[in-house]
Each structure stands twice: as C-alpha cells, then as structure tokens.
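The next block is my_file_4.txt, given as compact mmCIF, C-alpha atoms and all ligand atoms.
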# COMPACT_ATOMS: atom_id res chain seq x y z
CA MET A 1 161.94 318.21 181.06
CA SER A 2 160.23 321.54 180.41
CA THR A 3 160.75 324.21 183.06
CA ALA A 4 157.63 325.24 184.97
CA SER A 5 156.82 328.90 184.51
CA PHE A 6 157.60 331.09 187.54
CA ALA A 7 156.10 334.59 187.69
CA LEU A 8 158.68 337.22 188.67
CA LEU A 9 158.14 339.86 191.35
CA PRO A 10 161.52 341.59 191.31
CA SER A 11 163.07 342.93 194.51
CA THR A 12 162.97 346.71 194.74
CA THR A 13 165.85 346.65 197.25
CA PRO A 14 168.49 344.26 195.85
CA ALA A 15 171.89 344.38 197.55
CA ALA A 16 174.26 346.92 196.01
CA ASP A 17 177.15 345.37 194.04
CA VAL A 18 179.67 346.47 196.67
CA VAL A 19 177.62 344.93 199.50
CA ARG A 20 177.24 341.65 197.60
CA ASP A 21 180.95 341.57 196.69
CA ASN A 22 181.91 342.07 200.35
CA ILE A 23 179.64 339.20 201.38
CA LEU A 24 180.99 336.94 198.63
CA ALA A 25 184.56 337.64 199.77
CA ALA A 26 183.88 335.96 203.16
CA PRO A 27 180.40 334.40 203.21
CA GLY A 28 180.85 331.90 206.08
CA PHE A 29 177.96 329.41 206.04
CA GLY A 30 174.24 330.14 206.07
CA GLN A 31 174.46 333.76 207.23
CA TYR A 32 173.63 335.81 204.14
CA PHE A 33 170.84 335.38 201.64
CA THR A 34 170.26 336.46 198.07
CA ASP A 35 167.73 339.02 196.82
CA HIS A 36 164.95 336.59 195.90
CA MET A 37 163.32 333.30 196.84
CA ALA A 38 161.25 330.85 194.81
CA HIS A 39 157.81 329.83 196.06
CA VAL A 40 155.09 327.37 195.07
CA ARG A 41 151.87 326.85 197.03
CA TRP A 42 149.90 323.64 197.48
CA THR A 43 146.33 323.14 198.62
CA LEU A 44 144.38 319.91 198.80
CA ASP A 45 141.86 321.21 196.27
CA ALA A 46 144.13 322.97 193.77
CA GLY A 47 147.40 321.00 194.06
CA TRP A 48 150.65 322.86 193.28
CA HIS A 49 150.08 326.38 191.92
CA GLY A 50 151.20 330.01 192.11
CA HIS A 51 154.81 329.42 190.98
CA GLU A 52 156.73 332.64 191.62
CA VAL A 53 160.11 334.17 192.32
CA ARG A 54 159.67 337.01 194.75
CA PRO A 55 161.81 339.24 196.97
CA TYR A 56 163.59 337.41 199.81
CA GLY A 57 161.97 338.33 203.10
CA PRO A 58 160.08 337.20 206.20
CA LEU A 59 157.13 334.85 205.79
CA THR A 60 153.73 335.69 207.17
CA LEU A 61 152.46 332.68 209.09
CA ASP A 62 149.48 332.39 211.37
CA PRO A 63 150.65 331.51 214.92
CA ALA A 64 148.51 328.39 214.60
CA ALA A 65 150.26 327.23 211.39
CA ALA A 66 150.73 323.46 211.76
CA VAL A 67 154.49 323.54 211.10
CA LEU A 68 155.05 325.67 214.21
CA HIS A 69 153.42 323.04 216.42
CA TYR A 70 153.93 319.62 214.85
CA ALA A 71 157.08 320.20 212.77
CA GLN A 72 155.53 318.96 209.54
CA GLU A 73 158.50 320.16 207.47
CA ILE A 74 161.18 318.85 205.12
CA PHE A 75 164.20 320.38 203.42
CA GLU A 76 167.07 319.78 201.03
CA GLY A 77 170.65 320.98 200.66
CA ILE A 78 172.18 321.42 197.19
CA LYS A 79 174.77 323.80 195.75
CA ALA A 80 175.32 325.95 192.65
CA TYR A 81 178.92 326.13 191.39
CA ARG A 82 180.51 328.73 189.13
CA HIS A 83 182.74 327.34 186.39
CA ALA A 84 185.77 329.15 184.96
CA ASP A 85 183.77 330.33 181.90
CA GLY A 86 181.23 332.04 184.20
CA SER A 87 178.47 329.44 183.70
CA VAL A 88 176.63 328.12 186.78
CA TRP A 89 175.90 324.43 187.39
CA THR A 90 174.39 322.18 190.01
CA PHE A 91 175.17 318.60 190.99
CA ARG A 92 172.76 315.63 190.65
CA PRO A 93 169.61 317.67 191.39
CA GLU A 94 167.40 314.74 190.43
CA LYS A 95 168.81 312.83 193.44
CA ASN A 96 167.77 315.67 195.77
CA ALA A 97 164.37 315.89 194.08
CA GLU A 98 163.85 312.17 194.58
CA ARG A 99 164.93 312.34 198.23
CA PHE A 100 162.64 315.34 198.77
CA ARG A 101 159.72 313.19 197.57
CA ARG A 102 160.78 310.34 199.89
CA SER A 103 160.92 312.81 202.78
CA ALA A 104 157.52 314.24 201.77
CA ARG A 105 155.91 310.79 201.82
CA ARG A 106 157.24 310.11 205.34
CA LEU A 107 156.07 313.49 206.66
CA ALA A 108 152.67 313.19 204.93
CA LEU A 109 153.43 316.23 202.77
CA PRO A 110 152.57 316.50 199.06
CA GLU A 111 155.21 315.32 196.58
CA LEU A 112 156.89 317.86 194.33
CA SER A 113 157.84 316.86 190.76
CA ASP A 114 161.42 317.00 189.39
CA GLU A 115 160.10 319.68 187.07
CA ASP A 116 159.05 321.95 189.94
CA PHE A 117 162.06 321.13 192.14
CA ILE A 118 164.69 321.77 189.46
CA GLY A 119 162.54 324.46 187.81
CA SER A 120 162.36 326.44 191.07
CA ILE A 121 166.15 326.36 191.40
CA LYS A 122 166.61 327.45 187.78
CA ALA A 123 164.06 330.24 188.17
CA LEU A 124 165.76 331.54 191.34
CA LEU A 125 169.22 331.36 189.78
CA ALA A 126 168.01 333.20 186.67
CA GLN A 127 167.55 336.21 189.00
CA ASP A 128 170.27 335.71 191.60
CA HIS A 129 173.19 334.17 189.65
CA THR A 130 175.49 337.09 190.53
CA TRP A 131 175.44 335.68 194.08
CA VAL A 132 177.32 332.52 193.00
CA PRO A 133 180.91 333.08 194.17
CA THR A 134 183.92 332.49 191.90
CA PRO A 135 186.48 330.09 193.44
CA LYS A 136 189.93 331.60 193.98
CA ASP A 137 191.74 328.32 193.30
CA ALA A 138 191.13 324.57 193.09
CA ALA A 139 191.03 324.21 196.90
CA ASP A 140 188.34 326.90 197.28
CA GLU A 141 184.92 325.30 197.90
CA CYS A 142 182.83 328.47 197.75
CA SER A 143 179.38 328.02 196.23
CA LEU A 144 175.80 329.19 196.47
CA TYR A 145 174.12 326.84 198.96
CA LEU A 146 170.48 326.25 198.02
CA ARG A 147 167.91 325.34 200.63
CA PRO A 148 164.60 324.08 199.22
CA PHE A 149 162.05 323.48 202.02
CA MET A 150 158.39 322.66 202.46
CA ILE A 151 156.20 323.61 205.41
CA ALA A 152 152.68 322.83 206.61
CA SER A 153 151.22 326.35 206.59
CA GLU A 154 147.59 325.52 207.28
CA THR A 155 146.09 327.31 210.27
CA PHE A 156 144.87 324.33 212.25
CA LEU A 157 145.80 322.78 215.59
CA GLY A 158 144.30 319.35 214.97
CA VAL A 159 146.89 316.66 214.39
CA ARG A 160 146.49 315.50 210.78
CA PRO A 161 148.35 316.15 207.51
CA ALA A 162 148.00 319.81 206.53
CA ARG A 163 145.79 320.76 203.61
CA GLU A 164 147.79 323.89 202.86
CA VAL A 165 151.51 323.74 202.25
CA ASP A 166 154.19 326.10 200.97
CA TYR A 167 157.43 325.25 199.21
CA TYR A 168 160.32 327.73 199.02
CA VAL A 169 163.91 327.84 197.83
CA ILE A 170 166.29 330.28 199.48
CA ALA A 171 169.96 330.67 198.60
CA SER A 172 172.99 331.53 200.69
CA PRO A 173 176.58 332.09 199.50
CA ALA A 174 178.82 329.63 201.34
CA ALA A 175 182.45 328.93 202.13
CA ALA A 176 183.64 325.75 203.92
CA TYR A 177 181.14 324.39 206.48
CA PHE A 178 183.85 323.74 209.06
CA LYS A 179 185.92 326.78 210.01
CA GLY A 180 189.16 324.81 209.64
CA GLY A 181 188.36 323.98 205.99
CA ILE A 182 189.77 320.50 205.40
CA GLU A 183 191.65 320.35 208.70
CA PRO A 184 190.55 317.13 210.48
CA VAL A 185 187.57 317.63 212.80
CA SER A 186 187.05 316.02 216.20
CA ILE A 187 183.80 314.12 216.62
CA TRP A 188 181.93 313.43 219.83
CA LEU A 189 180.30 310.01 220.28
CA SER A 190 176.87 310.41 221.81
CA SER A 191 176.43 307.53 224.23
CA HIS A 192 173.03 308.64 225.47
CA TYR A 193 171.14 310.47 222.72
CA LYS A 194 169.84 308.73 219.63
CA ARG A 195 169.19 310.43 216.31
CA ALA A 196 166.71 307.96 214.81
CA ALA A 197 164.91 304.71 215.47
CA PRO A 198 163.57 301.99 213.15
CA GLY A 199 160.25 303.05 211.69
CA GLY A 200 160.98 306.70 212.51
CA THR A 201 162.07 309.57 210.30
CA GLY A 202 165.86 309.05 210.21
CA PHE A 203 165.98 308.52 206.43
CA ALA A 204 163.92 311.66 205.76
CA LYS A 205 165.47 315.12 205.64
CA CYS A 206 163.11 316.75 208.11
CA GLY A 207 163.79 319.49 210.63
CA GLY A 208 162.78 317.22 213.51
CA ASN A 209 165.83 314.98 213.02
CA TYR A 210 168.11 317.99 213.30
CA ALA A 211 166.21 319.39 216.29
CA ALA A 212 166.66 316.01 217.99
CA SER A 213 170.42 316.14 217.34
CA LEU A 214 170.99 319.53 218.96
CA ALA A 215 171.33 318.47 222.61
CA ALA A 216 173.96 315.96 221.48
CA GLN A 217 175.57 318.60 219.27
CA LYS A 218 175.78 320.86 222.32
CA GLU A 219 177.46 318.02 224.24
CA ALA A 220 179.90 317.74 221.31
CA SER A 221 180.75 321.46 221.46
CA ASP A 222 181.19 321.24 225.23
CA HIS A 223 183.83 318.56 224.55
CA GLY A 224 185.56 320.67 221.89
CA CYS A 225 184.12 318.68 218.98
CA GLY A 226 182.68 319.98 215.71
CA GLN A 227 180.10 317.24 215.16
CA VAL A 228 178.36 314.40 216.94
CA ALA A 229 178.31 310.73 215.87
CA PHE A 230 175.26 308.60 216.61
CA LEU A 231 174.96 304.88 217.27
CA ASP A 232 171.85 302.83 216.46
CA ALA A 233 168.92 302.98 218.86
CA ALA A 234 168.30 299.21 219.13
CA GLU A 235 171.75 297.87 220.11
CA ASN A 236 173.79 301.02 220.81
CA LYS A 237 176.53 299.42 218.76
CA TRP A 238 176.33 300.28 215.06
CA ILE A 239 177.66 303.52 213.60
CA GLU A 240 174.88 305.46 211.90
CA GLU A 241 175.90 308.98 210.89
CA LEU A 242 176.85 312.39 212.20
CA GLY A 243 174.39 315.14 213.08
CA GLY A 244 174.43 316.43 209.50
CA MET A 245 176.66 314.20 207.36
CA ASN A 246 177.58 310.59 206.49
CA LEU A 247 180.77 308.75 207.52
CA PHE A 248 183.36 306.73 205.55
CA PHE A 249 186.12 304.41 206.81
CA VAL A 250 189.26 303.75 204.72
CA PHE A 251 191.20 300.52 205.32
CA LYS A 252 194.84 299.68 204.60
CA ASP A 253 193.88 297.04 202.01
CA GLY A 254 191.92 299.48 199.79
CA ARG A 255 188.44 298.89 201.17
CA ILE A 256 186.34 301.97 201.87
CA ALA A 257 183.26 301.33 203.97
CA THR A 258 180.19 303.32 204.93
CA PRO A 259 177.17 302.21 206.99
CA ARG A 260 174.60 300.52 204.74
CA LEU A 261 171.37 302.41 204.20
CA THR A 262 168.53 301.63 206.57
CA ASP A 263 165.48 303.63 207.52
CA THR A 264 167.56 305.37 210.19
CA ILE A 265 170.23 306.77 207.85
CA LEU A 266 169.97 309.70 205.47
CA GLU A 267 170.89 308.73 201.91
CA GLY A 268 173.45 311.44 201.18
CA VAL A 269 174.03 312.51 197.56
CA THR A 270 177.71 313.05 198.41
CA ARG A 271 177.78 309.61 200.06
CA ASP A 272 176.46 308.03 196.86
CA SER A 273 178.92 310.01 194.71
CA VAL A 274 181.87 309.01 196.92
CA LEU A 275 180.95 305.33 196.50
CA THR A 276 181.14 305.75 192.70
CA LEU A 277 184.30 307.90 192.72
CA ALA A 278 186.01 305.44 195.08
CA GLN A 279 185.32 302.62 192.61
CA ASP A 280 186.71 304.81 189.78
CA GLU A 281 189.85 305.24 191.91
CA GLY A 282 190.35 301.48 192.19
CA LEU A 283 189.19 301.29 195.81
CA THR A 284 186.69 298.66 196.99
CA PRO A 285 183.54 300.36 198.30
CA GLU A 286 181.50 298.52 200.92
CA GLU A 287 178.09 299.38 202.34
CA ARG A 288 177.71 297.33 205.50
CA PRO A 289 177.12 297.56 209.24
CA ILE A 290 180.16 299.02 211.04
CA SER A 291 180.32 298.73 214.82
CA ILE A 292 181.94 301.08 217.29
CA ASP A 293 184.13 298.12 218.37
CA GLU A 294 185.38 297.70 214.79
CA TRP A 295 186.21 301.43 214.67
CA ARG A 296 188.14 301.19 217.97
CA GLU A 297 189.98 297.94 217.13
CA ALA A 298 190.82 298.75 213.49
CA ALA A 299 192.06 302.21 214.52
CA ALA A 300 194.32 300.67 217.18
CA SER A 301 195.68 297.93 214.90
CA GLY A 302 196.40 300.28 212.00
CA GLU A 303 193.97 298.46 209.66
CA LEU A 304 191.85 301.62 209.59
CA THR A 305 193.89 304.39 207.97
CA GLU A 306 191.38 307.24 207.52
CA VAL A 307 187.90 308.30 208.58
CA PHE A 308 186.05 311.12 206.85
CA ALA A 309 182.70 312.86 206.95
CA CYS A 310 180.86 313.85 203.80
CA GLY A 311 177.80 315.85 202.85
CA THR A 312 176.68 318.64 200.56
CA ALA A 313 177.63 321.29 203.11
CA ALA A 314 180.73 319.51 204.48
CA VAL A 315 181.99 318.16 201.10
CA ILE A 316 184.66 315.69 202.37
CA THR A 317 186.26 316.47 205.74
CA PRO A 318 188.73 314.16 207.53
CA VAL A 319 187.87 313.05 211.06
CA GLY A 320 190.87 313.44 213.38
CA GLU A 321 189.53 311.63 216.44
CA LEU A 322 186.36 310.26 217.96
CA VAL A 323 185.99 311.52 221.52
CA THR A 324 184.05 309.11 223.75
CA GLU A 325 183.25 308.91 227.45
CA GLU A 326 185.81 306.07 227.66
CA GLY A 327 188.52 308.19 226.03
CA PRO A 328 189.43 309.15 222.46
CA ILE A 329 189.67 306.77 219.51
CA ARG A 330 192.55 307.81 217.29
CA LEU A 331 194.12 306.20 214.26
CA LYS A 332 197.40 304.37 214.98
CA ALA A 333 199.23 306.73 212.60
CA ASP A 334 198.27 310.04 211.05
CA ASN A 335 198.93 309.47 207.34
CA GLY A 336 197.64 312.91 206.26
CA ASN A 337 194.38 311.50 204.86
CA PRO A 338 195.47 310.96 201.24
CA VAL A 339 192.30 309.07 200.20
CA ALA A 340 189.95 311.72 201.62
CA LYS A 341 191.99 314.42 199.89
CA ARG A 342 192.08 312.57 196.56
CA LEU A 343 188.31 311.94 196.59
CA ARG A 344 187.65 315.52 197.64
CA THR A 345 189.76 316.88 194.78
CA LYS A 346 188.00 314.56 192.31
CA LEU A 347 184.58 315.65 193.54
CA LEU A 348 185.39 319.37 193.55
CA ASP A 349 187.08 319.19 190.11
CA LEU A 350 183.90 317.61 188.75
CA GLN A 351 181.56 320.07 190.44
CA TYR A 352 183.57 323.11 189.28
CA GLY A 353 183.95 321.82 185.71
CA ARG A 354 187.70 321.21 185.94
CA ALA A 355 187.29 317.50 185.16
CA GLU A 356 185.17 315.73 182.55
CA ASP A 357 181.65 314.94 183.80
CA THR A 358 181.88 311.26 182.88
CA HIS A 359 178.89 310.27 185.03
CA GLY A 360 176.56 312.98 183.67
CA TRP A 361 176.12 314.49 187.15
CA LEU A 362 176.04 318.20 186.25
CA THR A 363 172.99 320.28 185.28
CA ARG A 364 173.49 323.77 183.89
CA LEU A 365 171.50 326.46 185.69
CA VAL A 366 172.71 329.66 184.00
C1 LIG B 401 173.73 319.53 203.87
O1 LIG B 401 174.83 318.99 203.83
O2 LIG B 401 173.26 320.09 202.86
C2 LIG B 401 172.92 319.54 205.08
O3 LIG B 401 171.74 319.68 204.99
C3 LIG B 401 173.58 319.41 206.38
C4 LIG B 401 173.42 320.57 207.27
C5 LIG B 401 174.16 320.26 208.53
C6 LIG B 401 173.93 321.86 206.71

Rewrite the coordinates I just gave you, this time as structure tokens.
Amino acid sequence: MSTASFALLPSTTPAADVVRDNILAAPGFGQYFTDHMAHVRWTLDAGWHGHEVRPYGPLTLDPAAAVLHYAQEIFEGIKAYRHADGSVWTFRPEKNAERFRRSARRLALPELSDEDFIGSIKALLAQDHTWVPTPKDAADECSLYLRPFMIASETFLGVRPAREVDYYVIASPAAAYFKGGIEPVSIWLSSHYKRAAPGGTGFAKCGGNYAASLAAQKEASDHGCGQVAFLDAAENKWIEELGGMNLFFVFKDGRIATPRLTDTILEGVTRDSVLTLAQDEGLTPEERPISIDEWREAAASGELTEVFACGTAAVITPVGELVTEEGPIRLKADNGNPVAKRLRTKLLDLQYGRAEDTHGWLTRLV
C-alpha cells in the first residue's frame, strides 16, 4: 500500500514542550488535542482530493451544513502506542478502515480507501508523534487516541445525501477511559430506552447512535453507574451492548460468550481481538444470543464467573454489577476477574510491543 501524499501546513503555534509534557503526565480522556489534524475533502464531481495536514483548530461550517441538521456523520476510534524503543504503532487499522466504509455505506457517505484512512493517520503522526505518551509500566494504558470522522459539509437543507463531505483525523492523548482504571464498573440496565433497531444504524459507528444513548447514559449516572447496557428493541430480552463498548461473559467451564453480531451491534475491533486471544488462551469463545434472564440466572448459580466490557477506549474493564429497576445482578462470588485481567494483559502486551505479534496485528506509524 503506497501512502497518499498529504500537503503540510505546519502549525505556527505548537504547544511548548513543557505544556505538552504536563498534558501527557495526566491526559484524562478526550480533553486535549495535538497540534495538527489531517483533512481530505470529497465532492461529487471531484471525489476525494486536497489531502493535507494542517494546524488543529475550529472548523468553519455554514449554519446550513447538512451534518448540523440531519447528523450525516460517522467516526472511528483507534489508538497509537509507543513501544519501549520509541517507535509508534497502531493496532489492526485495516479493521477500522473497513468498518468506516461499512458505516459510510449506511449513512450514504462516500467510502474512503484503506490507503487514505491509514495514510491520514500516518501523515498526522509524522507531525505529532511527540504527543504519543510513554507508558510508565505494563499496567499503564496511556496512548494517543485517534478520532477519524467524516461529516456532510454541504450547505443544503434538503434531505438527501450530501454532495460535499469532509474527512478529518484529530488526536488526543489518553489515559484509562474509566477513572477507576481496571476497577470493576457498575452498569445500568436501560429498561425503557433502546440503542438500535433492526434495519437501523446500530452496526454503524455514527454520532446518532451515541446521541440516542445519552438519555440512558444520564439515567445510568443518576444511578451511580459508569455505563448503560441496552437490550434488543424487538423482544426487550437479548443483551446487545453498552453505550460505547461490547460485553463478554465468562463461564465456569471455560466458555466465553459475547452477543453475536447483528445489524444492531457494533463490530468492535477489541471484541474481535478478544475472541481470538481467548481461543489462544484455551478458552471456548461463543458468539450467540445472550438473554438478560441467562445473565441473572447464571450469575446467581455461580455458572457465570466474570463479565467485562471491551472497546478501543475502554480496553478490557470488568463489570462489577448490573443495576436494574428490579434490583442489582451480581455474580455469586467475586473471583477478582482473572480472565479479564489475563486477556487485558495479553492485549496490552501485544499493543505495546512487549509480546510477539503472532497475528500480524500491528502497523508501524513512526
Ligand atoms: C471507542 O472505544 O473508540 C469508542 O468510540 C467509544 C467511545 C465511547 C469513546
């Protein structure tokens, strides 16, 4: 794959080293951004053109830009990791590129090639690689979180696919997504709100899905929970996913199950990687429907020994309890989540170059 050529407009006001170092010491999640952003424009007539890396800063959009009214928008989440020798790598970017195209098709946006998707990340990192934090130890999950996104920028209030579109990549140094790191999180079960319906956009990574999850996420916070779990829209029975991550269930007999992919579930790259790593670990991965009754009954009987959430931002985070309107669902015994911890260590060791990349999942950026 040859890298598309990105013109460089360097920032005249990059952060001073001391400012950047202070940010990298405690970046939180999604609060600080690097000096540049990558950009590619698309028009119906000219296709993708104008590849550039330019200073990070506000966009100029007409108030009638279609994205502001009809939410014709998609995004991705992917990270850059610094290895001990100083090199910078990313994880399975072709999976994100492929998902970005799937999302684009569903939102009637133009498809971006692997070359432009991965090329835009490489071009941005060529400028901003000093923003990739160095992990303090093997438990440190600091990284540079990359957010590619595509918006309908055409000035037009008619409802039809936009004929002018912009694609950007911004980058944000990140620590653990949940404040407690790998401390188990409490999850709220939304009994009223639904995230996605058959035929809808649930499988696409579009802003609208996340907007639709926010009222339920607020309900979760009001109940002291860090995330919300959604059930299916048709039967209100089957576990789908959390507001921004997939779910796994670990059973006493070595099975590890996650809801099978449907058009209402986002195909997580971490989800897919966990399925492979679990097999490598001698566990028996299962992709199948999992009901809320199974969760309740298997937790009570002790068959279910761990539940964890996973995603690019969340990595692998144990779920301590599911809070529902009928009371909490807790595991019969707290075993300290050894499977979640083992898989998390395997994944992080791979991503940070501490373990051999036997699956060929890493791509060097710098
Ligand atoms: C990611 O894991 O990359 C996401 O997009 C989820 C979001 C809640 C940060």

### Summary
Restricting to all atoms listed in the file, whichever of A:Asp116, A:Glu164, A:Asp21, A:Glu73 is closest to Glu94 of chain A is A:Asp116

### Query
Neighbours of ligand LIG 401 (chain B) within 7 Å, counting all atoms listed in the file, as a list in words?
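Based on all atoms listed in the file, ligand LIG 401 (chain B) is surrounded within 7 Å by Glu76, Gly77, Ile78, Gly243, Gly244, Met245, Gly311, Thr312, Ala313 and Ala314 of chain A.
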
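A straight line drawn from atom CA of Pro259 of chain A to atom CA of Leu109 of chain A is 27.9 Å long.
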
### Message
So that I can check the surroundings of Ala84 of chain A, please list as number ranges by chain every protein, DNA and RNA residue that reaches within 10 Å of it, counting all atoms listed in the file and ignoring chain neighbours fewer than 5 positions away.
### Response
A: 134-135, 352-354

Just to be explicit: take each residue in the selection above, keep C-alpha atoms, and write the result as a JSON list (two decimals), keeping the file's coordinate frame.
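Output file again-v8.json is given in full below:
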[["chain", "number", "residue", "atom", "x", "y", "z"],
["A", 134, "THR", "CA", 183.92, 332.49, 191.90],
["A", 135, "PRO", "CA", 186.48, 330.09, 193.44],
["A", 352, "TYR", "CA", 183.57, 323.11, 189.28],
["A", 353, "GLY", "CA", 183.95, 321.82, 185.71],
["A", 354, "ARG", "CA", 187.70, 321.21, 185.94]]

Segment 221-240 of chain A: axis-aligned bounding box, 4 Å on each side, centre and edge lengths in Å, one decimal, as lines of an AutoDock Vina configuration file:
center_x = 176.9
center_y = 309.7
center_z = 218.6
size_x = 25.3
size_y = 31.6
size_z = 21.3

### Task
May I have the residues within 8 Å of Glu286 of chain A as a list in words, using only C-alpha atoms and disregarding those fewer than 4 positions away in the same chain?
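Everything that qualifies: Arg255, Ile256, Ala257 and Thr258 of chain A.
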
### Message
Just checking: using only C-alpha atoms, which residue out of A:Met37, A:Ile74, A:Val159, A:Leu214 ends up closest to Ser11 of chain A?
### Response
A:Met37

### Task
Please indicate the distance in Å from atom CA of Ser213 of chain A to atom CA of His192 of chain A, rounded to one decimal place.
11.4 Å

### Task
Please identify all polymer residues lying at most 8 Å from the point (179.5, 327.9, 193.3) (file coordinates), using only C-alpha atoms, and present the result as a list in words.
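Output of the proximity query reads Lys79, Ala80, Tyr81, Arg82, His83, Val88, Trp89, Val132, Pro133, Thr134, Pro135, Glu141, Cys142, Ser143, Leu144, Tyr145 and Tyr352 of chain A.
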
### Task
Name the residues in contact with Phe251 of chain A at a cut-off of 7 Å, using all atoms listed in the file, excluding same-chain residues fewer than 2 positions from it; report them as a list in words.
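My reading of the contact set: Phe249, Asp253, Gly254, Arg255, Ile256, Glu303, Leu304 and Thr305 of chain A.
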
Hey, what's within 9 Å of Val315 of chain A if we count only C-alpha atoms and toss same-chain stuff fewer than 5 positions away? As a short mmCIF file (atom, residue, chain, number, x, y, z; two decimals) with C-alpha atoms, in the coordinates of the input, please?
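Now in part.cif:
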data_model
loop_
_atom_site.label_atom_id
_atom_site.label_comp_id
_atom_site.auth_asym_id
_atom_site.auth_seq_id
_atom_site.Cartn_x
_atom_site.Cartn_y
_atom_site.Cartn_z
CA GLU A 141 184.92 325.30 197.90
CA ALA A 176 183.64 325.75 203.92
CA TYR A 177 181.14 324.39 206.48
CA THR A 270 177.71 313.05 198.41
CA ALA A 309 182.70 312.86 206.95
CA CYS A 310 180.86 313.85 203.80
CA ARG A 344 187.65 315.52 197.64
CA LEU A 347 184.58 315.65 193.54
CA LEU A 348 185.39 319.37 193.55
#

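Excluding Ala215 of chain A itself and any same-chain residue fewer than 5 positions from it, the protein and nucleic acid residues within 10 Å of it, counting all atoms listed in the file, are Ser190, Tyr193, Tyr210, Ala220, Ser221 and Val228 of chain A.
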
#### Entry: Nearest residue to Thr34 of chain A from the set A:Ala171, A:Ile151, A:Ala7, A:Leu59 (distances using all atoms listed in the file)
A:Ala171

### Task
Could you give me, as a list in words, the residues that have an atom at most 10 Å away from the point (179.2, 310.4, 226.3) in the coordinates of the file, using only C-alpha atoms?
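Nearby residues: Trp188, Leu189, Ser190, Ser191, His192, Tyr193, Ala216, Glu219, Ala220, His223, Val323, Thr324, Glu325, Glu326 and Gly327 of chain A.
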
Write the residues of the selection above to a file with C-alpha atoms, as a short mmCIF file (atom, residue, chain, number, x, y, z; two decimals), in the coordinates of the input.
data_model
loop_
_atom_site.label_atom_id
_atom_site.label_comp_id
_atom_site.auth_asym_id
_atom_site.auth_seq_id
_atom_site.Cartn_x
_atom_site.Cartn_y
_atom_site.Cartn_z
CA TRP A 188 181.93 313.43 219.83
CA LEU A 189 180.30 310.01 220.28
CA SER A 190 176.87 310.41 221.81
CA SER A 191 176.43 307.53 224.23
CA HIS A 192 173.03 308.64 225.47
CA TYR A 193 171.14 310.47 222.72
CA ALA A 216 173.96 315.96 221.48
CA GLU A 219 177.46 318.02 224.24
CA ALA A 220 179.90 317.74 221.31
CA HIS A 223 183.83 318.56 224.55
CA VAL A 323 185.99 311.52 221.52
CA THR A 324 184.05 309.11 223.75
CA GLU A 325 183.25 308.91 227.45
CA GLU A 326 185.81 306.07 227.66
CA GLY A 327 188.52 308.19 226.03
#

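When all atoms listed in the file are used to measure the gap to Ala123 of chain A, the shortest distance among A:Val18, A:Ala38, A:Ala174, A:Ala64 belongs to A:Ala38.
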
### Query
What is the atom CA of Val40 of chain A to atom CA of Lys122 of chain A distance in Å?
13.6 Å

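Using all atoms listed in the file, the nearest neighbour of Gly47 of chain A within the list A:Val165, A:Met150, A:Gly158, A:Pro10 is A:Val165.
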
### Query
Which is closest to Pro328 of chain A among A:Ser103, A:Thr358, A:Ser186, A:Asn22, if we use only C-alpha atoms?
A:Ser186

Copy segment 216-247 of chain A out of the block into a file, keeping C-alpha atoms, as a PDB file, in the first residue's frame.
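Final file, result_25.pdb:
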ATOM      1  CA  ALA A 216     -29.973   6.401  29.062  1.00  0.00           C
ATOM      2  CA  GLN A 217     -26.375   7.254  29.964  1.00  0.00           C
ATOM      3  CA  LYS A 218     -27.712  10.094  32.124  1.00  0.00           C
ATOM      4  CA  GLU A 219     -30.063   7.618  33.816  1.00  0.00           C
ATOM      5  CA  ALA A 220     -27.003   5.409  34.419  1.00  0.00           C
ATOM      6  CA  SER A 221     -25.067   8.271  36.052  1.00  0.00           C
ATOM      7  CA  ASP A 222     -28.098   9.141  38.187  1.00  0.00           C
ATOM      8  CA  HIS A 223     -27.935   5.557  39.492  1.00  0.00           C
ATOM      9  CA  GLY A 224     -24.187   5.764  40.161  1.00  0.00           C
ATOM     10  CA  CYS A 225     -23.249   3.706  37.090  1.00  0.00           C
ATOM     11  CA  GLY A 226     -20.451   4.334  34.602  1.00  0.00           C
ATOM     12  CA  GLN A 227     -22.166   2.891  31.528  1.00  0.00           C
ATOM     13  CA  VAL A 228     -25.543   1.771  30.262  1.00  0.00           C
ATOM     14  CA  ALA A 229     -26.438  -1.683  28.884  1.00  0.00           C
ATOM     15  CA  PHE A 230     -29.071  -1.988  26.164  1.00  0.00           C
ATOM     16  CA  LEU A 231     -31.479  -4.806  25.391  1.00  0.00           C
ATOM     17  CA  ASP A 232     -32.827  -5.535  21.904  1.00  0.00           C
ATOM     18  CA  ALA A 233     -35.688  -3.419  20.600  1.00  0.00           C
ATOM     19  CA  ALA A 234     -37.909  -6.271  19.351  1.00  0.00           C
ATOM     20  CA  GLU A 235     -38.190  -8.513  22.447  1.00  0.00           C
ATOM     21  CA  ASN A 236     -36.586  -6.442  25.222  1.00  0.00           C
ATOM     22  CA  LYS A 237     -34.765  -9.609  26.201  1.00  0.00           C
ATOM     23  CA  TRP A 238     -31.412 -10.014  24.458  1.00  0.00           C
ATOM     24  CA  ILE A 239     -28.235  -8.279  25.609  1.00  0.00           C
ATOM     25  CA  GLU A 240     -26.857  -6.052  22.881  1.00  0.00           C
ATOM     26  CA  GLU A 241     -24.017  -3.811  24.056  1.00  0.00           C
ATOM     27  CA  LEU A 242     -23.145  -0.869  26.262  1.00  0.00           C
ATOM     28  CA  GLY A 243     -23.377   2.770  25.214  1.00  0.00           C
ATOM     29  CA  GLY A 244     -19.837   2.675  23.827  1.00  0.00           C
ATOM     30  CA  MET A 245     -18.414  -0.840  24.185  1.00  0.00           C
ATOM     31  CA  ASN A 246     -19.118  -4.571  23.732  1.00  0.00           C
ATOM     32  CA  LEU A 247     -19.761  -7.118  26.512  1.00  0.00           C
TER      33      LEU A 247
END
